[in-house]
There are 2 protein chains.
Amino acid sequence: MSAPSLPRFFSHQLLVAGSLRLEGDEAHHLSRVLRLGAGAEVVLFDGSGREVVARIATTGRHAIGLVAEQPVEVSRELACPVRLAVSLPKGDRQKVLIEKLTELGVAELVPLVTRRGVVQPGTAALERLRRHVVAACKQCGRNRLMAIAEPRGVSSLARSQAGGLTGWFADPDSGNPSLVAAGTVDAEWFAVGPEGGFDREEISELVAAGWKGFRLGPTILRIETAAVAIAAVRAAQILGAH
Amino acid sequence: MSAPSLPRFFSHQLLVAGSLRLEGDEAHHLSRVLRLGAGAEVVLFDGSGREVVARIATTGRHAIGLVAEQPVEVSRELACPVRLAVSLPKGDRQKVLIEKLTELGVAELVPLVTRRGVVQPGTAALERLRRHVVAACKQCGRNRLMAIAEPRGVSSLARSQAGGLTGWFADPDSGNPSLVAAGTVDAEWFAVGPEGGFDREEISELVAAGWKGFRLGPTILRIETAAVAIAAVRAAQILGAH
């Protein structure tokens, strides 16, 4: 059986050969949901890029003891990092957003605070988003977690351009080039506004800092659809080029 | 107020200038959910590519009477049709799949019956998928419905290639080119298999009929993620070329 077909669990403890312990949600998932017991093999990853095959030794109420082989570096990352700043959608759409961006290999998601935005995630919300990242990494085989950054406003994001980064923001203005315009091949940041879009002041701020607008298509895309479409196109471009 | 910012409703009746009636789900959505009353303006579309601004004249328990202006053709379609055959995922993931493909301008979705597939939609399920298409068209501004075809098996899909169509199927084999390979620019059909992928026999059948495999990336994508990624990349290619 190849390692990727074994059930995967996230280890908060850094991986080492020998004894490892799973606790909390991961222990629950292993013993209560999947009902795995002593002797079964699983894969553990710790988010650093490594994974390890481990055998379950003991199962208890709150902790699972495992014996691990030698951890190995297995990268399923894109050759260039894709970073998105997104004005978060509400409810279940957040989960769809996080899950799909994680699967598609996005390196970092910045929750973007905008004037028309409806969601300004607090600490608990950010923790929930990070749990969605872990769940998606368990399923899709990534050994590095998509980073969920602290929320930032448009001004702060615009200024990050100062370091010479290339940033593009989604905007339906018909004068904007489409996403596969030559320039986006080197893009380092993409920004997606709220339902209703960035307001004029936010667009001015981005443009003044060197960001460029691009359009995504003839329809009005939901926030998470726009973000996932960008991630898919960038992933395809990077895979096609390497 | 521009037409796209008015709430949109789907008319089962072909649009004409003058008196129109909404019934069933659409009447419920208009009067009970959005609580619109006589005098309010809405946009109606009938799936044929046209839309019309209409004013509510009467609201009743089961039917809404409206007076429509002259219907106009407003296309928010891609310049080339994108067609996908997908082994459907379960539950809520179906809704995500249909909503995102509709927003991204896919012309036709064929539910694909595969040996490892878990969902073989019957009449009621197909009707539910079509309702998701209508809901997404109301939201995203498309005036043509994404077609939900009758389910087909892999053999039947493979044979459709006989007419000289170019078909590509998602397959993680490392020898396959990536999605942005030159050949996919003219692709007319894409196929996405079930969790676990197409089996050997299905792949042989597709290849024998002239279909080509492509890979989507280093991670294991869920069915709906793969399908949405393909739609996003094709839409971006088509928008970039026209």
# chains A, B, ... in the order shown; residues from 1 in each chain; ligands from 1
$ closest_atom_pairs --of "chain B" --to "chain A" --cutoff "7 Å" --atoms "only C-alpha atoms" --output "tab-separated table"
residue	atom	partner	partner_atom	distance
B:Arg76	CA	A:Pro218	CA	4.9
B:Glu77	CA	A:Pro218	CA	6.8
B:Lys100	CA	A:Thr225	CA	6.2
B:Glu103	CA	A:Leu221	CA	6.0
B:Cys140	CA	A:Ile220	CA	4.5
B:Gly141	CA	A:Thr219	CA	5.7
B:Arg142	CA	A:Thr219	CA	6.4
B:Ser178	CA	A:Gly240	CA	5.7
B:Leu179	CA	A:Ala236	CA	6.2
B:Val180	CA	A:Gly240	CA	5.7
B:Ala181	CA	A:Gly240	CA	6.6
B:Gly217	CA	A:Leu239	CA	6.9
B:Pro218	CA	A:Arg76	CA	5.0
B:Thr219	CA	A:Cys140	CA	5.4
B:Ile220	CA	A:Cys140	CA	4.5
B:Leu221	CA	A:Glu103	CA	6.0
B:Thr225	CA	A:Lys100	CA	6.2
B:Ala229	CA	A:Ala232	CA	5.0
B:Ala232	CA	A:Ala229	CA	5.0
B:Val233	CA	A:Val233	CA	5.1
B:Ala236	CA	A:Val180	CA	6.0
B:Gln237	CA	A:Val180	CA	6.7
B:Leu239	CA	A:Ser178	CA	6.4
B:Gly240	CA	A:Ser178	CA	5.7
$ residues_around --residues "B:Leu44" --least-positions-apart "2" --cutoff "8 Å" --atoms "only C-alpha atoms" --output "VMD selection string"
chain B and resid 8 to 11 15 42 46 51 to 54
$ select_by_dssp --residues "stretch 43-228 of chain B" --states "helix (DSSP H, G or I)" --output "ChimeraX atom specification"
/B:92-103,123-140,154-163,182-186,200-208,223-228
$ select_by_dssp --residues "stretch 26-235 of chain B" --states "strand (DSSP E)" --output "JSON, numbers by chain"
{"B": [41, 42, 43, 44, 45, 50, 51, 52, 53, 54, 55, 56, 57, 58, 59, 63, 64, 65, 66, 67, 68, 72, 73, 83, 84, 85, 86, 108, 109, 110, 111, 112, 113, 147, 148, 152, 153, 167, 168, 169, 170, 189, 190, 191, 192, 212, 213, 214]}
$ atom_distance --atom1 "atom CA of B:Arg128" --atom2 "atom CA of B:Arg35"
24.3 Å
$ residues_around --residues "B:Ala125" --least-positions-apart "2" --cutoff "12 Å" --atoms "only C-alpha atoms" --output "list in words"
Leu88, Lys90, Gly91, Gln94, Lys95, Pro111, Val119, Gln120, Pro121, Gly122, Thr123, Glu127, Arg128, Leu129, Arg130, Arg131, His132, Ile148, Glu150 and Pro151 of chain B
$ write_last_selection --atoms "C-alpha atoms" --output "PDB file, in the first residue's frame"
ATOM      1  CA  LEU B  88     -20.530  13.395  -9.273  1.00  0.00           C
ATOM      2  CA  LYS B  90     -21.837  13.384  -2.780  1.00  0.00           C
ATOM      3  CA  GLY B  91     -24.155  15.745  -0.934  1.00  0.00           C
ATOM      4  CA  GLN B  94     -22.657  18.543  -5.698  1.00  0.00           C
ATOM      5  CA  LYS B  95     -24.123  21.948  -4.991  1.00  0.00           C
ATOM      6  CA  PRO B 111     -23.005  13.307 -14.907  1.00  0.00           C
ATOM      7  CA  VAL B 119     -23.468   8.726  -7.240  1.00  0.00           C
ATOM      8  CA  GLN B 120     -25.717   7.693 -10.104  1.00  0.00           C
ATOM      9  CA  PRO B 121     -28.274  10.494 -10.267  1.00  0.00           C
ATOM     10  CA  GLY B 122     -31.897   9.609 -10.946  1.00  0.00           C
ATOM     11  CA  THR B 123     -34.614  11.925 -12.214  1.00  0.00           C
ATOM     12  CA  GLU B 127     -33.949  18.070 -11.175  1.00  0.00           C
ATOM     13  CA  ARG B 128     -32.182  19.175  -8.004  1.00  0.00           C
ATOM     14  CA  LEU B 129     -28.982  19.834  -9.985  1.00  0.00           C
ATOM     15  CA  ARG B 130     -30.970  21.910 -12.483  1.00  0.00           C
ATOM     16  CA  ARG B 131     -32.441  23.967  -9.637  1.00  0.00           C
ATOM     17  CA  HIS B 132     -28.892  24.707  -8.459  1.00  0.00           C
ATOM     18  CA  ILE B 148     -27.316  19.205 -17.147  1.00  0.00           C
ATOM     19  CA  GLU B 150     -28.613  12.778 -18.875  1.00  0.00           C
ATOM     20  CA  PRO B 151     -25.982  10.588 -17.146  1.00  0.00           C
TER      21      PRO B 151
END
$ atom_distance --atom1 "atom CA of A:Leu145" --atom2 "atom CA of A:Leu14"
13.7 Å
$ atom_distance --atom1 "atom CA of A:Val207" --atom2 "atom CA of A:Trp168"
9.4 Å
$ residues_around --residues "stretch 154-158 of chain B" --least-positions-apart "4" --cutoff "9 Å" --atoms "only C-alpha atoms" --output "number ranges by chain"
B: 85, 112-114, 162, 167, 191, 202-203, 205-211
$ closest_residue --among "B:Arg144, B:Arg152, B:Arg83, B:Arg115" --to "B:Ala227" --atoms "only C-alpha atoms"
B:Arg83
$ decode --residues "stretch 47-78 of chain B" --atoms "N, CA, C and O atoms" --output "CSV table (one decimal), in the first residue's frame"
chain,number,residue,atom,x,y,z
B,47,GLY,N,-33.6,31.7,-19.8
B,47,GLY,CA,-32.6,30.7,-20.1
B,47,GLY,C,-32.2,30.7,-21.6
B,47,GLY,O,-31.3,29.9,-22.0
B,48,SER,N,-32.9,31.5,-22.4
B,48,SER,CA,-32.7,31.5,-23.8
B,48,SER,C,-31.6,32.5,-24.2
B,48,SER,O,-31.2,32.6,-25.4
B,49,GLY,N,-31.1,33.3,-23.3
B,49,GLY,CA,-30.1,34.3,-23.6
B,49,GLY,C,-30.6,35.7,-23.4
B,49,GLY,O,-29.9,36.7,-23.4
B,50,ARG,N,-32.0,35.8,-23.2
B,50,ARG,CA,-32.5,37.2,-23.1
B,50,ARG,C,-32.9,37.5,-21.7
B,50,ARG,O,-33.0,36.6,-20.8
B,51,GLU,N,-33.0,38.8,-21.4
B,51,GLU,CA,-33.4,39.2,-20.1
B,51,GLU,C,-34.4,40.4,-20.3
B,51,GLU,O,-34.4,41.0,-21.3
B,52,VAL,N,-35.1,40.7,-19.2
B,52,VAL,CA,-36.0,41.9,-19.4
B,52,VAL,C,-36.3,42.5,-18.0
B,52,VAL,O,-36.3,41.8,-17.0
B,53,VAL,N,-36.4,43.8,-18.0
B,53,VAL,CA,-36.7,44.5,-16.7
B,53,VAL,C,-38.3,44.5,-16.6
B,53,VAL,O,-38.9,44.7,-17.6
B,54,ALA,N,-38.8,44.1,-15.5
B,54,ALA,CA,-40.2,44.0,-15.3
B,54,ALA,C,-40.6,44.6,-14.0
B,54,ALA,O,-39.9,44.6,-13.0
B,55,ARG,N,-41.8,45.2,-14.0
B,55,ARG,CA,-42.3,45.8,-12.7
B,55,ARG,C,-43.4,44.9,-12.2
B,55,ARG,O,-44.3,44.4,-12.9
B,56,ILE,N,-43.4,44.7,-10.9
B,56,ILE,CA,-44.4,43.8,-10.2
B,56,ILE,C,-45.8,44.6,-10.2
B,56,ILE,O,-45.8,45.7,-9.8
B,57,ALA,N,-46.8,43.9,-10.7
B,57,ALA,CA,-48.1,44.5,-10.8
B,57,ALA,C,-49.0,43.9,-9.7
B,57,ALA,O,-49.7,44.7,-8.9
B,58,THR,N,-49.0,42.6,-9.5
B,58,THR,CA,-49.9,42.0,-8.5
B,58,THR,C,-49.1,40.8,-7.8
B,58,THR,O,-48.3,40.1,-8.4
B,59,THR,N,-49.3,40.7,-6.5
B,59,THR,CA,-48.7,39.6,-5.8
B,59,THR,C,-49.8,38.8,-5.2
B,59,THR,O,-50.7,39.3,-4.5
B,60,GLY,N,-49.8,37.5,-5.4
B,60,GLY,CA,-50.8,36.6,-4.9
B,60,GLY,C,-50.1,35.4,-4.1
B,60,GLY,O,-48.9,35.4,-4.0
B,61,ARG,N,-51.0,34.6,-3.6
B,61,ARG,CA,-50.4,33.4,-2.8
B,61,ARG,C,-49.5,32.6,-3.6
B,61,ARG,O,-48.5,32.1,-3.2
B,62,HIS,N,-49.9,32.3,-4.9
B,62,HIS,CA,-49.1,31.4,-5.7
B,62,HIS,C,-48.6,31.9,-7.0
B,62,HIS,O,-47.9,31.3,-7.7
B,63,ALA,N,-48.9,33.2,-7.3
B,63,ALA,CA,-48.5,33.7,-8.6
B,63,ALA,C,-48.2,35.2,-8.5
B,63,ALA,O,-48.9,35.9,-7.7
B,64,ILE,N,-47.2,35.7,-9.2
B,64,ILE,CA,-46.9,37.1,-9.2
B,64,ILE,C,-47.1,37.6,-10.7
B,64,ILE,O,-46.7,37.0,-11.6
B,65,GLY,N,-47.9,38.7,-10.8
B,65,GLY,CA,-48.1,39.3,-12.1
B,65,GLY,C,-47.1,40.4,-12.3
B,65,GLY,O,-46.9,41.2,-11.4
B,66,LEU,N,-46.5,40.5,-13.5
B,66,LEU,CA,-45.5,41.5,-13.8
B,66,LEU,C,-45.8,42.1,-15.2
B,66,LEU,O,-46.4,41.5,-16.0
B,67,VAL,N,-45.3,43.3,-15.4
B,67,VAL,CA,-45.4,44.0,-16.7
B,67,VAL,C,-44.0,44.2,-17.2
B,67,VAL,O,-43.2,44.9,-16.5
B,68,ALA,N,-43.6,43.6,-18.3
B,68,ALA,CA,-42.3,43.6,-18.8
B,68,ALA,C,-42.0,44.6,-19.9
B,68,ALA,O,-42.9,44.9,-20.7
B,69,GLU,N,-40.8,45.1,-19.9
B,69,GLU,CA,-40.4,46.0,-21.0
B,69,GLU,C,-40.1,45.0,-22.2
B,69,GLU,O,-40.4,43.8,-22.2
B,70,GLN,N,-39.3,45.5,-23.2
B,70,GLN,CA,-39.0,44.7,-24.4
B,70,GLN,C,-37.7,43.8,-24.0
B,70,GLN,O,-36.7,44.3,-23.6
B,71,PRO,N,-37.9,42.5,-24.1
B,71,PRO,CA,-36.7,41.6,-23.7
B,71,PRO,C,-35.5,41.9,-24.6
B,71,PRO,O,-35.7,42.3,-25.8
B,72,VAL,N,-34.3,41.9,-24.1
B,72,VAL,CA,-33.1,42.1,-24.9
B,72,VAL,C,-32.1,40.9,-24.7
B,72,VAL,O,-32.1,40.3,-23.6
B,73,GLU,N,-31.4,40.7,-25.7
B,73,GLU,CA,-30.3,39.6,-25.7
B,73,GLU,C,-29.2,40.2,-24.9
B,73,GLU,O,-28.6,41.2,-25.3
B,74,VAL,N,-28.8,39.6,-23.8
B,74,VAL,CA,-27.6,40.0,-23.1
B,74,VAL,C,-26.8,38.7,-22.8
B,74,VAL,O,-27.1,37.9,-22.0
B,75,SER,N,-25.6,38.6,-23.5
B,75,SER,CA,-24.9,37.4,-23.4
B,75,SER,C,-23.7,37.6,-22.4
B,75,SER,O,-23.0,38.5,-22.5
B,76,ARG,N,-23.7,36.7,-21.4
B,76,ARG,CA,-22.5,36.6,-20.5
B,76,ARG,C,-21.9,35.2,-20.6
B,76,ARG,O,-21.4,34.7,-19.7
B,77,GLU,N,-21.9,34.8,-21.9
B,77,GLU,CA,-21.3,33.4,-22.2
B,77,GLU,C,-19.9,33.5,-22.7
B,77,GLU,O,-19.4,34.6,-23.2
B,78,LEU,N,-19.1,32.4,-22.5
B,78,LEU,CA,-17.8,32.4,-23.0
B,78,LEU,C,-17.8,32.2,-24.6
B,78,LEU,O,-18.8,31.7,-25.1
